[in-house]
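Take a look at the structure set out below.
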Amino acid sequence: MIFKKILVIVIFFIFLGFLINFITSAQEKNTTFSSEKEVKILKDKIASKVAELRRENNQAFSGRIMSLSENQIEIKDKDDKKILVKLDPTLTKYYQIKNNEKKEINFSNLKKNDYIVISGIMTDNGINANLIFVDDNYLVEFGRVIEINKENYWIKINNTLTNENLIIDIETYTKQWMLNIKNLELEKTGFSKIKEGDIVNFVSKYEKNESDHFSAQKIIIIPQEYFLK
Amino acid sequence: MKKENIIAIILGFVFGLIFAIFILFGLSQIQLKKEKILVSEKKTITISPIKKNNLDLLIIDSPKNNIIVNYSQINIKGSASKDSLIVVQSPIKDLAFQNKDKKFKFDFPLVLGENVIKIVAYPKVSNIKIQEKTLFIYYLPDEI
């Protein structure tokens with residue numbers, strides 16, 4: 001009889017031990033799970049903060065490559081200012097922009113005289129580049145027509161603000177538009193309609209052709225008569 | 001000399017002195033008033049404000065130059081002389097319009113990478129200088 005009682009008590013304690021152990025392990029699991037969740041939330045928060053800071057501090061720069069080395073590029077910007085671009089072998093990514101699409105390239109694809117757009121953070125020592133895009137460089141200018149060469153299809157224009165003269169080749173692919181001075185609509189036109197004294201707004205690649213002229217991609221002609229109205 | 005005579009002389013001197021002081025003081029006050037009147041009578045020269053010319057500078061309020069955007073279209077807001085001809089040109093889009101009001105705003109498309117947008121204001125009057133602004137906008141969608 002006593003033996004039975006002792007056995008019941010022992011079983012009860014064993015059961016109690018199992019129960020305590022089960023509850024403790026369940027609590028531990030729960031704690032681990034919640035702390036994992038907290039770490040994940042913290043990680044997400046840090047990532048979004050880093051992205052936000054990058055977004056706030058990121059700036060865009062552009063220029064033509066003057067020299068290249070393993071960890072840096074020297075560019076000359078539109079104001080002829082030399083800027084050092086610092087590269088990070090693990091962080092900096094390179095892309096080529098063509099026809100409004102980007103394709104990933106390598107550092108080895110970059111070459112001297114390429115026009116690049118850099119996204120990164122400016123420091124005292126230069127730009128810490130995150131992304132580098134090889135892009136087209138365009139010249140968008142305007143001026144008054146001061147000379148027309150009807151044999152070789154070029155026009156010389158004078159920028160009235162800078163007093164600089166530029167020669168533009170009107171190519172077969174050049175889109176030519178003229179302002180209709182009555183309704184101010186842009187209408188298709190031809191080379192023969194351009195007169196000395198007209199204003200020409202043009203877009204061209206920022207590099208001269210073999211004739212040392214700019215090849216116009218498109219022009220807008222504002223007839224001088226517009227200003228005489 | 002009699003005592004009365006001496007008193008009379010002294011009193012006469014004192015009264016004479018007082019009278020002289022009054023006269024001199026009165027004269028100087030009158031002169032000062034006259035001078036004040038003369039000063040106040042001077043015509044006030046007012047500098048009339050320069051007649052406001054119809055010329056307003058070409059200003060681009062937004063977007064800021066050299067910004068990175070993650071959308072393929074921007075809204076350009078600014079102001080220029082009323083009735084001036086505004087010509088906007090980029091490698092992908094041309095636009096010309098008359099600035100009916102002083103302020104203008106329009107949507108303009110962007111291409112991937114650098115966008116050079118030239119905005120030129122040709123004033124209605126030919127003897128007023130042409131004004132221009134160039135915007136460099138970077139459309140880098142994955143970057144942001």
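Letters for chains follow the order of the structure tokens (A, B, ...), residue numbers begin at 1 for each chain, and ligand numbers begin at 1 in the order shown.
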
Distance query Phe97 in chain B at most 7 Å, only C-alpha atoms, self and fewer than 4 positions along chain excluded, as a PyMOL selection string: (chain A and resi 184) or (chain B and resi 85-87)

Write the residues of the selection above to a file with C-alpha atoms, as a tab-separated table (two decimals), in the first residue's frame.
chain	number	residue	atom	x	y	z
A	184	LEU	CA	3.09	79.45	-83.38
B	85	LEU	CA	7.98	83.12	-77.04
B	86	ILE	CA	9.23	80.16	-75.00
B	87	VAL	CA	11.16	77.48	-76.88

Residue contacts of Lys93 in chain B (8 Å, only C-alpha atoms) excluding same-chain residues fewer than 3 positions away, as a PyMOL selection string: chain B and resi 88-90+108-109

Produce a file of the selected residues containing C-alpha atoms, as a CSV table (one decimal), in the first residue's frame.
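And here is the file that came out, result.csv:
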chain,number,residue,atom,x,y,z
B,88,VAL,CA,12.0,74.3,-75.0
B,89,GLN,CA,14.3,71.8,-76.5
B,90,SER,CA,15.9,68.5,-75.5
B,108,PHE,CA,8.2,67.3,-70.3
B,109,PRO,CA,9.4,63.8,-71.0

Contact residues (chain B, partner chain A, 12 Å, only C-alpha atoms) as a PyMOL selection string: chain B and resi 65-70+72+83-99+110-144

Those same residues - C-alpha atoms - I'd like them written as a tab-separated table (two decimals), in the first residue's frame.
chain	number	residue	atom	x	y	z
B	65	ASN	CA	19.06	71.75	-61.71
B	66	ASN	CA	21.18	68.56	-61.50
B	67	ILE	CA	18.56	66.53	-59.65
B	68	ILE	CA	18.08	62.77	-59.85
B	69	VAL	CA	14.52	61.65	-60.51
B	70	ASN	CA	12.89	58.25	-60.76
B	72	SER	CA	10.13	59.56	-66.89
B	83	ASP	CA	3.81	87.34	-74.40
B	84	SER	CA	7.40	86.17	-74.86
B	85	LEU	CA	7.98	83.12	-77.04
B	86	ILE	CA	9.23	80.16	-75.00
B	87	VAL	CA	11.16	77.48	-76.88
B	88	VAL	CA	12.01	74.30	-74.97
B	89	GLN	CA	14.30	71.75	-76.54
B	90	SER	CA	15.89	68.48	-75.49
B	91	PRO	CA	17.17	65.52	-77.52
B	92	ILE	CA	13.70	63.92	-77.38
B	93	LYS	CA	11.19	66.76	-77.37
B	94	ASP	CA	10.62	70.23	-78.85
B	95	LEU	CA	8.08	72.71	-77.59
B	96	ALA	CA	7.23	76.31	-78.51
B	97	PHE	CA	4.50	78.46	-77.03
B	98	GLN	CA	3.61	82.04	-76.30
B	99	ASN	CA	3.75	82.89	-72.61
B	110	LEU	CA	12.78	62.36	-69.92
B	111	VAL	CA	15.05	59.64	-71.22
B	112	LEU	CA	17.22	57.35	-69.14
B	113	GLY	CA	20.41	59.07	-68.02
B	114	GLU	CA	21.26	62.71	-68.52
B	115	ASN	CA	18.62	65.05	-69.94
B	116	VAL	CA	19.78	68.42	-71.25
B	117	ILE	CA	16.78	70.73	-71.48
B	118	LYS	CA	17.28	74.21	-72.92
B	119	ILE	CA	14.58	76.80	-72.23
B	120	VAL	CA	14.85	80.03	-74.23
B	121	ALA	CA	12.62	83.08	-73.79
B	122	TYR	CA	12.41	85.34	-76.84
B	123	PRO	CA	10.83	88.63	-75.76
B	124	LYS	CA	8.08	90.14	-77.87
B	125	VAL	CA	10.14	93.29	-78.33
B	126	SER	CA	13.23	92.57	-80.41
B	127	ASN	CA	15.52	95.05	-78.65
B	128	ILE	CA	15.25	93.18	-75.35
B	129	LYS	CA	17.82	90.52	-74.68
B	130	ILE	CA	17.04	86.85	-75.24
B	131	GLN	CA	17.23	84.80	-72.03
B	132	GLU	CA	18.00	81.13	-71.58
B	133	LYS	CA	18.29	78.46	-68.91
B	134	THR	CA	19.70	74.97	-69.22
B	135	LEU	CA	18.51	72.17	-66.97
B	136	PHE	CA	20.44	68.96	-66.38
B	137	ILE	CA	18.02	66.34	-65.07
B	138	TYR	CA	19.14	62.78	-64.34
B	139	TYR	CA	16.56	60.07	-64.78
B	140	LEU	CA	18.04	57.09	-62.92
B	141	PRO	CA	15.03	54.98	-61.87
B	142	ASP	CA	16.75	52.03	-60.19
B	143	GLU	CA	19.05	54.25	-58.27
B	144	ILE	CA	16.31	55.71	-56.06

CA of Ser211 in chain A to CA of Asp79 in chain A, distance in Å rounded to a single decimal: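 Calculated distance between CA of Ser211 in chain A and CA of Asp79 in chain A is 24.8 Å.
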
Which of range 56-116 of chain B DSSP labels strand (DSSP E or B), written as a tab-separated table (two decimals) with N, CA and C atoms, in the first residue's frame:
chain	number	residue	atom	x	y	z
B	59	ILE	N	12.77	82.74	-65.11
B	59	ILE	CA	13.06	82.02	-63.86
B	59	ILE	C	12.44	80.63	-63.93
B	60	ILE	N	13.22	79.63	-63.55
B	60	ILE	CA	12.70	78.27	-63.46
B	60	ILE	C	12.55	77.95	-61.98
B	61	ASP	N	11.30	77.80	-61.54
B	61	ASP	CA	11.04	77.51	-60.12
B	61	ASP	C	11.29	76.04	-59.79
B	62	SER	N	10.89	75.19	-60.69
B	62	SER	CA	11.12	73.75	-60.48
B	62	SER	C	11.17	73.06	-61.84
B	68	ILE	N	18.33	64.13	-59.40
B	68	ILE	CA	18.08	62.77	-59.85
B	68	ILE	C	16.60	62.50	-59.64
B	69	VAL	N	15.94	61.99	-60.66
B	69	VAL	CA	14.52	61.65	-60.51
B	69	VAL	C	14.30	60.19	-60.90
B	73	GLN	N	8.96	61.64	-66.54
B	73	GLN	CA	8.36	62.91	-66.93
B	73	GLN	C	8.49	63.91	-65.79
B	74	ILE	N	8.78	65.14	-66.14
B	74	ILE	CA	8.85	66.16	-65.08
B	74	ILE	C	7.91	67.30	-65.42
B	75	ASN	N	7.56	68.04	-64.40
B	75	ASN	CA	6.73	69.22	-64.58
B	75	ASN	C	7.63	70.44	-64.39
B	76	ILE	N	7.75	71.23	-65.46
B	76	ILE	CA	8.60	72.42	-65.38
B	76	ILE	C	7.73	73.63	-65.09
B	77	LYS	N	8.10	74.35	-64.03
B	77	LYS	CA	7.35	75.55	-63.64
B	77	LYS	C	8.29	76.74	-63.64
B	78	GLY	N	7.82	77.87	-64.11
B	78	GLY	CA	8.67	79.06	-64.10
B	78	GLY	C	7.90	80.30	-64.49
B	79	SER	N	8.65	81.36	-64.77
B	79	SER	CA	8.02	82.60	-65.20
B	79	SER	C	8.94	83.34	-66.16
B	85	LEU	N	8.04	84.44	-76.42
B	85	LEU	CA	7.98	83.12	-77.04
B	85	LEU	C	8.93	82.20	-76.27
B	86	ILE	N	8.40	81.11	-75.76
B	86	ILE	CA	9.23	80.16	-75.00
B	86	ILE	C	9.50	78.95	-75.90
B	87	VAL	N	10.78	78.66	-76.10
B	87	VAL	CA	11.16	77.48	-76.88
B	87	VAL	C	11.90	76.52	-75.94
B	88	VAL	N	11.39	75.31	-75.84
B	88	VAL	CA	12.01	74.30	-74.97
B	88	VAL	C	12.49	73.17	-75.86
B	89	GLN	N	13.75	72.80	-75.68
B	89	GLN	CA	14.30	71.75	-76.54
B	89	GLN	C	15.17	70.79	-75.74
B	94	ASP	N	10.58	68.80	-78.53
B	94	ASP	CA	10.62	70.23	-78.85
B	94	ASP	C	9.27	70.84	-78.51
B	95	LEU	N	9.32	72.06	-78.01
B	95	LEU	CA	8.08	72.71	-77.59
B	95	LEU	C	8.24	74.21	-77.82
B	96	ALA	N	7.20	74.84	-78.35
B	96	ALA	CA	7.23	76.31	-78.51
B	96	ALA	C	5.84	76.84	-78.17
B	97	PHE	N	5.80	77.86	-77.37
B	97	PHE	CA	4.50	78.46	-77.03
B	97	PHE	C	4.68	79.91	-76.62
B	98	GLN	N	3.58	80.64	-76.73
B	98	GLN	CA	3.61	82.04	-76.30
B	98	GLN	C	3.21	82.09	-74.82
B	103	LYS	N	3.43	83.45	-65.59
B	103	LYS	CA	3.86	82.12	-65.13
B	103	LYS	C	3.54	81.07	-66.19
B	104	PHE	N	4.38	80.04	-66.21
B	104	PHE	CA	4.10	78.92	-67.12
B	104	PHE	C	4.40	77.60	-66.41
B	105	LYS	N	3.77	76.55	-66.88
B	105	LYS	CA	4.10	75.20	-66.40
B	105	LYS	C	3.69	74.20	-67.47
B	106	PHE	N	4.51	73.17	-67.61
B	106	PHE	CA	4.22	72.14	-68.61
B	106	PHE	C	4.96	70.86	-68.24
B	107	ASP	N	4.43	69.74	-68.74
B	107	ASP	CA	5.09	68.45	-68.53
B	107	ASP	C	6.11	68.23	-69.64
B	108	PHE	N	7.19	67.56	-69.30
B	108	PHE	CA	8.24	67.32	-70.28
B	108	PHE	C	8.81	65.92	-70.07
B	109	PRO	N	8.94	65.13	-71.17
B	109	PRO	CA	9.42	63.75	-71.01
B	109	PRO	C	10.93	63.67	-70.80
B	113	GLY	N	19.10	58.42	-68.07
B	113	GLY	CA	20.41	59.07	-68.02
B	113	GLY	C	20.30	60.57	-67.93
B	114	GLU	N	21.23	61.25	-68.59
B	114	GLU	CA	21.26	62.71	-68.52
B	114	GLU	C	20.30	63.33	-69.53
B	115	ASN	N	19.54	64.31	-69.08
B	115	ASN	CA	18.62	65.05	-69.94
B	115	ASN	C	19.01	66.52	-69.95
B	116	VAL	N	19.43	67.00	-71.11
B	116	VAL	CA	19.78	68.42	-71.25
B	116	VAL	C	18.55	69.12	-71.83

Helix (DSSP H, G or I) call set, DSSP backbone run, range 1-164 of chain A, as JSON, numbers by chain: {"A": [2, 3, 4, 5, 6, 7, 8, 9, 10, 11, 12, 13, 14, 15, 16, 17, 18, 19, 20, 21, 22, 23, 24, 25, 26, 27, 28, 29, 30, 31, 32, 33, 34, 35, 36, 37, 38, 39, 40, 41, 42, 43, 44, 45, 46, 47, 48, 49, 50, 51, 52, 53, 54, 55, 56, 57, 107, 108, 109]}

Between CA of Lys49 in chain A and CA of Met122 in chain A, distance in Å (one decimal):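 For CA of Lys49 in chain A relative to CA of Met122 in chain A, the distance reads 19.3 Å.
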
Ile157 in chain A surroundings by only C-alpha atoms, 8 Å radius, close-in-sequence under 4 positions cut, as a PyMOL selection string: chain A and resi 142-147+165-168+200

How would the residues just chosen look if you wrote them out with C-alpha atoms as a PDB file, in the first residue's frame?
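Dumped to again-v2.pdb:
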ATOM      1  CA  PHE A 142      20.685  78.363 -80.243  1.00  0.00           C
ATOM      2  CA  GLY A 143      21.862  81.390 -82.176  1.00  0.00           C
ATOM      3  CA  ARG A 144      21.282  83.749 -85.077  1.00  0.00           C
ATOM      4  CA  VAL A 145      22.157  82.532 -88.576  1.00  0.00           C
ATOM      5  CA  ILE A 146      25.033  84.616 -89.907  1.00  0.00           C
ATOM      6  CA  GLU A 147      26.128  82.504 -92.881  1.00  0.00           C
ATOM      7  CA  ASN A 165      30.119  81.128 -83.537  1.00  0.00           C
ATOM      8  CA  LEU A 166      29.241  77.512 -84.326  1.00  0.00           C
ATOM      9  CA  ILE A 167      28.954  75.701 -87.649  1.00  0.00           C
ATOM     10  CA  ILE A 168      26.144  73.160 -87.912  1.00  0.00           C
ATOM     11  CA  VAL A 200      18.036  78.464 -84.951  1.00  0.00           C
TER      12      VAL A 200
END

Residue neighbourhood Met66 in chain A, 6 Å, only C-alpha atoms, exclusion window fewer than 6 positions, as a list in words: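 Listed by chain and then number, they are Glu74, Ile75 and Lys112 of chain A.
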
Emit the selected residues as a PDB file, in the first residue's frame, including N, CA and C atoms.
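Output (result.pdb):
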ATOM      1  N   GLU A  74      39.450  60.143 -63.575  1.00  0.00           N
ATOM      2  CA  GLU A  74      39.440  61.610 -63.559  1.00  0.00           C
ATOM      3  C   GLU A  74      38.570  62.070 -64.722  1.00  0.00           C
ATOM      4  N   ILE A  75      37.595  62.924 -64.398  1.00  0.00           N
ATOM      5  CA  ILE A  75      36.713  63.436 -65.456  1.00  0.00           C
ATOM      6  C   ILE A  75      36.822  64.958 -65.555  1.00  0.00           C
ATOM      7  N   LYS A 112      38.980  56.078 -72.241  1.00  0.00           N
ATOM      8  CA  LYS A 112      39.234  57.525 -72.218  1.00  0.00           C
ATOM      9  C   LYS A 112      38.312  58.219 -73.222  1.00  0.00           C
TER      10      LYS A 112
END

Who sits within 10 Å of Ser192 in chain A, only C-alpha atoms, same chain under 5 positions skipped, as a PyMOL selection string: chain A and resi 148+150+153

Output file for the selection above: N, CA and C atoms, as a compact mmCIF listing (two decimals), in the first residue's frame:
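And here's again-v8.txt as it stands now:
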# COMPACT_ATOMS: atom_id res chain seq x y z
N ILE A 148 25.17 81.06 -94.55
CA ILE A 148 24.57 79.80 -95.04
C ILE A 148 25.41 79.28 -96.20
N LYS A 150 25.10 76.80 -99.08
CA LYS A 150 24.08 75.97 -99.75
C LYS A 150 24.70 74.80 -100.49
N TYR A 153 25.63 72.40 -97.30
CA TYR A 153 24.53 72.28 -96.33
C TYR A 153 24.98 72.53 -94.88

Separation of CA of Lys76 in chain A from CA of Tyr94 in chain A, in Å and rounded to one decimal: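 According to the coordinates, CA of Lys76 in chain A and CA of Tyr94 in chain A are separated by 18.6 Å.
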